[in-house]
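Here is the structure we will look at, set down as structure tokens.
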Amino acid sequence: MEAPVQYFIDQATLWTPKIIGVVVIFVVFFVLAKMMKRIIRGAAKRLEFDGNITVLLVRANGVAFMVFGFITVLGTLGIDITALVAGLGLTGFALGFALKDTISNLLSGVLILLYRPFEKGNHIKISGYEGIVVSIDLRYTELDSEGDKVLIPNSKLFSDPVTVLH
């Protein structure tokens with residue numbers, strides 16, 4: 001009866017500091033993510049960023065901190081994370097290749113919202129389409145063309161010539 005009890009005590013002595021370390025790491029990364037969220041929102045407000053860009057930056061920041069925190073926790077528990085990090089790199093490459101059009105539209109949308117070559121209410125013409133800009137989001141720009149709703153991918157707006165009529 002003493003052997004199982006001694007084994008349990010030995011294992012508890014071994015794992016207790018690791019579990020405390022895991023909890024501390026999660027709390028630190030959670031707090032850092034919250035602090036960065038406030039910093040990003042404050043900077044975006046001062047720089048007058050579009051709300052869509054701010055939301056994108058805040059979410060990307062949160063995901064990045066949680067992923068780094070999770071990888072740090074696994075390393076703290078003694079798990080070899082080199083294969084995991086390599087796998088994440090390959091997964092990122094594959095997803096980037098598979099979603100290249102979507103990512104292109106997203107990045108083009110961010111650049112359009114940052115540089116503001118045209119704004120809501122402007123009358124623009126691009127690739128045979130003409131209309132008033134109703135909304136600009138991260139993926140599409142919506143035009144009102146004589147009562148018709150026209151969605152133009154942002155990558156097209158960023159790469160093709162756009163005429164701002166007024």
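Residues in the structure tokens are numbered from 1 in each chain, the chains being A, B, ... in the order shown, and ligands are numbered from 1 in the order shown.
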
Quick one: DSSP alpha helix (DSSP H) residues in chain A, as a PyMOL selection string?
chain A and resi 2-46+51-76+82-98+100-115+154-159

Within 12 Å of Gly78 of chain A, counting only C-alpha atoms, which residues show up once you throw out same-chain ones fewer than 3 positions away? Write them as a VMD selection string, please.
chain A and resid 14 to 15 18 to 19 21 to 22 71 to 75 81 to 82

Could you jot down the atom CA of Ser127 of chain A to atom CA of Val164 of chain A separation for me, Å, one decimal place?
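Pair atom CA of Ser127 of chain A / atom CA of Val164 of chain A returns 12.6 Å.
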
Could you name the residues that touch segment 63-70 of chain A at 8 Å or less, counting only C-alpha atoms, but leaving out those on the same chain fewer than 6 positions away, as an mmCIF file with N, CA and C atoms, in the first residue's frame?
```cif
data_model
loop_
_atom_site.group_PDB
_atom_site.id
_atom_site.type_symbol
_atom_site.label_atom_id
_atom_site.label_comp_id
_atom_site.auth_asym_id
_atom_site.auth_seq_id
_atom_site.Cartn_x
_atom_site.Cartn_y
_atom_site.Cartn_z
ATOM 1 N N ILE A 25 1.904 31.071 -16.862
ATOM 2 C CA ILE A 25 2.146 31.426 -18.263
ATOM 3 C C ILE A 25 0.849 31.815 -18.959
ATOM 4 N N PHE A 26 -0.218 31.030 -18.738
ATOM 5 C CA PHE A 26 -1.499 31.384 -19.348
ATOM 6 C C PHE A 26 -1.989 32.743 -18.869
ATOM 7 N N PHE A 29 0.190 35.554 -20.516
ATOM 8 C CA PHE A 29 -0.151 35.776 -21.914
ATOM 9 C C PHE A 29 -1.547 36.378 -22.064
ATOM 10 N N PHE A 30 -2.481 35.988 -21.213
ATOM 11 C CA PHE A 30 -3.825 36.557 -21.252
ATOM 12 C C PHE A 30 -3.790 38.049 -20.916
ATOM 13 N N LEU A 32 -1.159 40.054 -21.123
ATOM 14 C CA LEU A 32 -0.454 40.745 -22.201
ATOM 15 C C LEU A 32 -1.369 40.978 -23.414
ATOM 16 N N ALA A 33 -2.191 39.990 -23.735
ATOM 17 C CA ALA A 33 -3.124 40.131 -24.861
ATOM 18 C C ALA A 33 -4.122 41.248 -24.583
#
```

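The smallest atom-to-atom distance between Leu77 of chain A and any of A:Leu56, A:Leu143, A:Ile20, A:Leu111, using only C-alpha atoms, is found for A:Ile20.
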
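You can rank A:Ile136, A:Val110, A:Ile103, A:Leu165 by their closest distance to Ile53 of chain A using only C-alpha atoms, and at the top of that list sits A:Val110.
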
Choose the residue, out of A:Ile40, A:Ile126, A:Ile152, A:Leu114, that has the smallest atom-to-atom separation from Gly62 of chain A; count only C-alpha atoms.
A:Ile40

Exercise: Leu106 of chain A partners within 7 Å, only C-alpha atoms, chain neighbours under 4 positions left out, as a ChimeraX atom specification:
/A:102,110,138-139

Residue contacts of Val162 of chain A (12 Å, only C-alpha atoms) excluding same-chain residues fewer than 6 positions away, as a PyMOL selection string:
chain A and resi 112+117-118+122-131+152+154-156

May I have the residues within 12 Å of Glu48 of chain A as a list in words, using only C-alpha atoms and disregarding those fewer than 4 positions away in the same chain?
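Here the qualifying residues turn out to be Ile40, Arg41, Gly42, Ala43, Ala44, Asn52, Ile53, Thr54, Leu113, Leu114, Tyr115 and Arg116 of chain A.
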
Grab the residues selected above and save them as a CSV table (one decimal), in the first residue's frame with C-alpha atoms.
```csv
chain,number,residue,atom,x,y,z
A,40,ILE,CA,-4.0,48.8,-30.3
A,41,ARG,CA,-7.4,50.4,-29.8
A,42,GLY,CA,-5.9,53.6,-28.4
A,43,ALA,CA,-3.3,53.9,-31.3
A,44,ALA,CA,-6.0,53.1,-33.9
A,52,ASN,CA,-12.6,47.1,-39.6
A,53,ILE,CA,-8.8,47.4,-39.5
A,54,THR,CA,-8.9,47.9,-35.7
A,113,LEU,CA,-8.9,51.7,-45.8
A,114,LEU,CA,-5.4,53.0,-44.8
A,115,TYR,CA,-4.6,55.0,-48.0
A,116,ARG,CA,-8.2,56.1,-48.7
```
